[in-house]
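Trainee: File data-v8.txt follows (compact mmCIF, C-alpha atoms):
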```
# COMPACT_ATOMS: atom_id res chain seq x y z
CA GLN H 1 84.61 194.66 191.61
CA VAL H 2 87.34 192.03 191.60
CA GLN H 3 89.20 191.43 188.37
CA LEU H 4 90.73 188.08 187.50
CA VAL H 5 93.56 187.90 184.98
CA GLU H 6 94.79 184.60 183.57
CA SER H 7 98.21 183.88 182.17
CA GLY H 8 100.29 180.90 181.12
CA GLY H 9 98.37 179.60 178.15
CA GLY H 10 100.06 178.61 174.92
CA LEU H 11 100.87 175.87 172.47
CA VAL H 12 102.10 172.54 173.78
CA GLN H 13 102.60 169.08 172.33
CA PRO H 14 100.55 166.10 173.50
CA GLY H 15 102.01 164.75 176.71
CA GLY H 16 103.42 168.13 177.66
CA SER H 17 102.72 170.38 180.62
CA LEU H 18 101.52 173.91 181.24
CA THR H 19 100.78 175.93 184.33
CA LEU H 20 98.00 178.48 184.26
CA SER H 21 97.89 181.30 186.76
CA CYS H 22 95.07 183.58 187.78
CA ALA H 23 95.84 186.84 189.56
CA ALA H 24 93.07 188.62 191.44
CA SER H 25 92.98 192.39 191.87
CA ALA H 26 91.82 192.03 195.48
CA SER H 27 91.94 189.56 198.30
CA ILE H 28 90.54 186.12 197.56
CA SER H 29 90.58 184.93 201.15
CA SER H 30 86.81 185.42 201.36
CA PHE H 31 86.14 183.57 198.13
CA ASN H 32 84.27 180.36 198.88
CA PHE H 33 85.31 178.90 195.54
CA MET H 34 88.06 179.54 193.07
CA GLY H 35 88.44 177.49 189.96
CA TRP H 36 88.98 176.94 186.30
CA TYR H 37 86.51 176.32 183.49
CA ARG H 38 87.23 175.71 179.83
CA GLN H 39 85.39 176.16 176.58
CA ALA H 40 86.31 174.47 173.33
CA PRO H 41 85.05 175.85 170.00
CA GLY H 42 81.37 175.13 169.52
CA LYS H 43 80.98 173.66 173.00
CA GLN H 44 79.68 174.87 176.34
CA ARG H 45 81.87 176.12 179.15
CA ASP H 46 82.66 173.23 181.46
CA LEU H 47 84.15 172.94 184.91
CA VAL H 48 87.76 171.78 185.04
CA ALA H 49 88.68 172.18 188.70
CA LEU H 50 87.49 173.94 191.84
CA ILE H 51 89.11 174.66 195.18
CA THR H 52 87.27 175.82 198.27
CA SER H 53 88.45 178.34 200.83
CA GLY H 54 89.38 175.36 202.99
CA GLY H 55 91.48 173.75 200.28
CA ILE H 56 89.05 171.04 199.22
CA THR H 57 89.39 170.29 195.53
CA ASN H 58 87.10 168.90 192.88
CA TYR H 59 88.03 167.89 189.35
CA ALA H 60 86.27 166.96 186.16
CA ASP H 61 86.67 163.25 185.51
CA SER H 62 88.52 163.97 182.29
CA VAL H 63 91.38 165.73 184.11
CA LYS H 64 91.64 163.75 187.34
CA GLY H 65 95.18 162.59 187.96
CA ARG H 66 96.58 164.99 185.37
CA PHE H 67 95.62 168.48 186.60
CA THR H 68 96.21 170.04 190.01
CA ILE H 69 94.58 173.21 191.27
CA SER H 70 96.03 175.31 194.05
CA ARG H 71 95.39 178.68 195.63
CA ASP H 72 97.59 181.13 197.48
CA ASN H 73 95.42 183.54 199.44
CA GLY H 74 98.46 185.57 200.46
CA LYS H 75 99.31 186.27 196.83
CA ASN H 76 95.68 186.38 195.65
CA MET H 77 96.42 183.74 193.05
CA VAL H 78 95.05 180.47 191.80
CA SER H 79 97.03 178.09 189.65
CA LEU H 80 96.30 175.08 187.50
CA GLN H 81 99.13 172.66 186.86
CA MET H 82 98.32 170.63 183.75
CA ASN H 83 100.32 167.51 182.96
CA SER H 84 100.01 164.81 180.31
CA LEU H 85 98.06 167.17 178.11
CA LYS H 86 95.86 165.68 175.42
CA LEU H 87 94.51 167.04 172.15
CA GLU H 88 91.06 167.26 173.74
CA ASP H 89 92.36 169.65 176.41
CA THR H 90 92.52 172.35 173.76
CA ALA H 91 90.23 175.18 174.84
CA VAL H 92 90.03 178.66 176.27
CA TYR H 93 90.54 178.37 180.01
CA PHE H 94 88.72 180.79 182.30
CA CYS H 95 89.47 181.61 185.91
CA TYR H 96 86.43 181.72 188.17
CA GLY H 97 85.81 183.07 191.62
CA ALA H 98 82.72 183.06 193.82
CA GLU H 99 82.13 185.01 197.01
CA ARG H 100 79.17 186.37 198.92
CA ARG H 101 79.01 189.52 196.80
CA GLY H 102 79.14 187.84 193.41
CA ILE H 103 80.74 185.65 190.80
CA TYR H 104 83.76 186.73 188.77
CA TRP H 105 85.33 185.53 185.54
CA GLY H 106 88.63 186.21 183.87
CA GLN H 107 88.94 186.99 180.18
CA GLY H 108 90.35 183.57 179.35
CA THR H 109 93.63 182.18 178.11
CA GLN H 110 94.04 179.88 175.12
CA VAL H 111 95.56 176.44 175.57
CA THR H 112 96.29 174.56 172.37
CA VAL H 113 97.55 170.99 172.41
CA SER H 114 98.86 170.00 169.03
CA SER H 115 101.63 167.99 167.46
```
Could you write out this structure as structure tokens?
Mentor:
Amino acid sequence: QVQLVESGGGLVQPGGSLTLSCAASASISSFNFMGWYRQAPGKQRDLVALITSGGITNYADSVKGRFTISRDNGKNMVSLQMNSLKLEDTAVYFCYGAERRGIYWGQGTQVTVSS
């Protein structure tokens, strides 16, 4: 069982930046997909960004051009660089990983964008 642990959330003003990190307890080199989802209060959990084992990325339209996902298989980590943050980016952000044996989720980290 692989555990994913997020860090880097917090409170930031509109227009600011944050970097989220996700550390895996085991190798992620076999993970076909790593990514980030988010869930705002009263809403469903939505995809933010995905990255394949080959480095191909996919972003939600709402974050394109502002967020960048990256993965470091050597360090078993996935990161999400978030720039130009908006009020509507406020949510709990969850790390996600998918491999042949299953799907894994982190416990989530809160990102609050507020003035």
Trainee: If we count all atoms listed in the file, what is near Met82 of chain H at a cut-off of 8 Å, once residues fewer than 2 positions away on the same chain are taken out, given as a short mmCIF file (atom, residue, chain, number, x, y, z; two decimals) with C-alpha atoms, in the frame of the given file?
Mentor:
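Okay, this is what ended up in result.cif:
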```cif
data_model
loop_
_atom_site.label_atom_id
_atom_site.label_comp_id
_atom_site.auth_asym_id
_atom_site.auth_seq_id
_atom_site.Cartn_x
_atom_site.Cartn_y
_atom_site.Cartn_z
CA SER H 17 102.72 170.38 180.62
CA LEU H 18 101.52 173.91 181.24
CA THR H 19 100.78 175.93 184.33
CA LEU H 20 98.00 178.48 184.26
CA ARG H 66 96.58 164.99 185.37
CA PHE H 67 95.62 168.48 186.60
CA THR H 68 96.21 170.04 190.01
CA LEU H 80 96.30 175.08 187.50
CA SER H 84 100.01 164.81 180.31
CA LEU H 85 98.06 167.17 178.11
#
```
Trainee: Got a sec: who's within 9 Å of Tyr104 of chain H, counting all atoms listed in the file, leaving out chain neighbours fewer than 6 positions off, as a list in words?
Mentor: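 Contacts, in chain order: Gln1, Val2, Gln3, Leu4, Cys95, Tyr96, Gly97 and Ala98 of chain H.
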Trainee: Counting only C-alpha atoms, which of H:Cys22, H:Ile103, H:Glu88, H:Val113 gets nearest to Arg71 of chain H?
Mentor: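 Smallest distance to Arg71 of chain H is found for H:Cys22.
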Trainee: What gap, in Å, lies between atom CA of Ser62 of chain H and atom CA of Asp89 of chain H?
Mentor: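 Answer for the atom CA of Ser62 of chain H to atom CA of Asp89 of chain H separation: 9.0 Å.
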Trainee: Between atom CA of Ala23 of chain H and atom CA of Tyr37 of chain H, what is the spacing in Å?
Mentor: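 About the pair atom CA of Tyr37 of chain H and atom CA of Ala23 of chain H: they are 15.3 Å apart.
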Trainee: Find the distance between atom CA of Ser79 of chain H and atom CA of Gln13 of chain H and write it in Å to one decimal.
Mentor: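 So the answer is 20.3 Å.
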Trainee: Using all atoms listed in the file, can you list as a VMD selection string the residues within 7 Å of (96.3, 188.6, 196.4)?
Mentor: chain H and resid 24 to 28 73 to 77
Trainee: Using all atoms listed in the file for the distances, tell me which of H:Phe33, H:Gly102, H:Gln39, H:Pro14 is nearest to Asn58 of chain H.
Mentor: H:Phe33
Trainee: Would you please work out which residue, of H:Asn83, H:Thr112, H:Ser30, H:Thr90, is nearest to Val63 of chain H when using only C-alpha atoms?
Mentor: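 Going through H:Asn83, H:Thr112, H:Ser30, H:Thr90 one by one, the smallest distance to Val63 of chain H is for H:Asn83.
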Trainee: Select, from H:Ala91, H:Trp36, H:Arg101, H:Ser29, the residue with the minimum atom-to-atom distance to Leu11 of chain H, counting all atoms listed in the file.
Mentor: H:Ala91
Trainee: For a quick check of understanding, using all atoms listed in the file, which of H:Asn32, H:Tyr93, H:Arg100, H:Ser114 has the smallest distance to Leu47 of chain H?
Mentor: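 Between H:Asn32, H:Tyr93, H:Arg100, H:Ser114, the residue approaching Leu47 of chain H most closely is H:Tyr93.
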Trainee: Kindly indicate which residue among H:Thr109, H:Phe94, H:Ser115, H:Met34 lies nearest to Ser7 of chain H, using only C-alpha atoms for the distances.
Mentor: H:Thr109
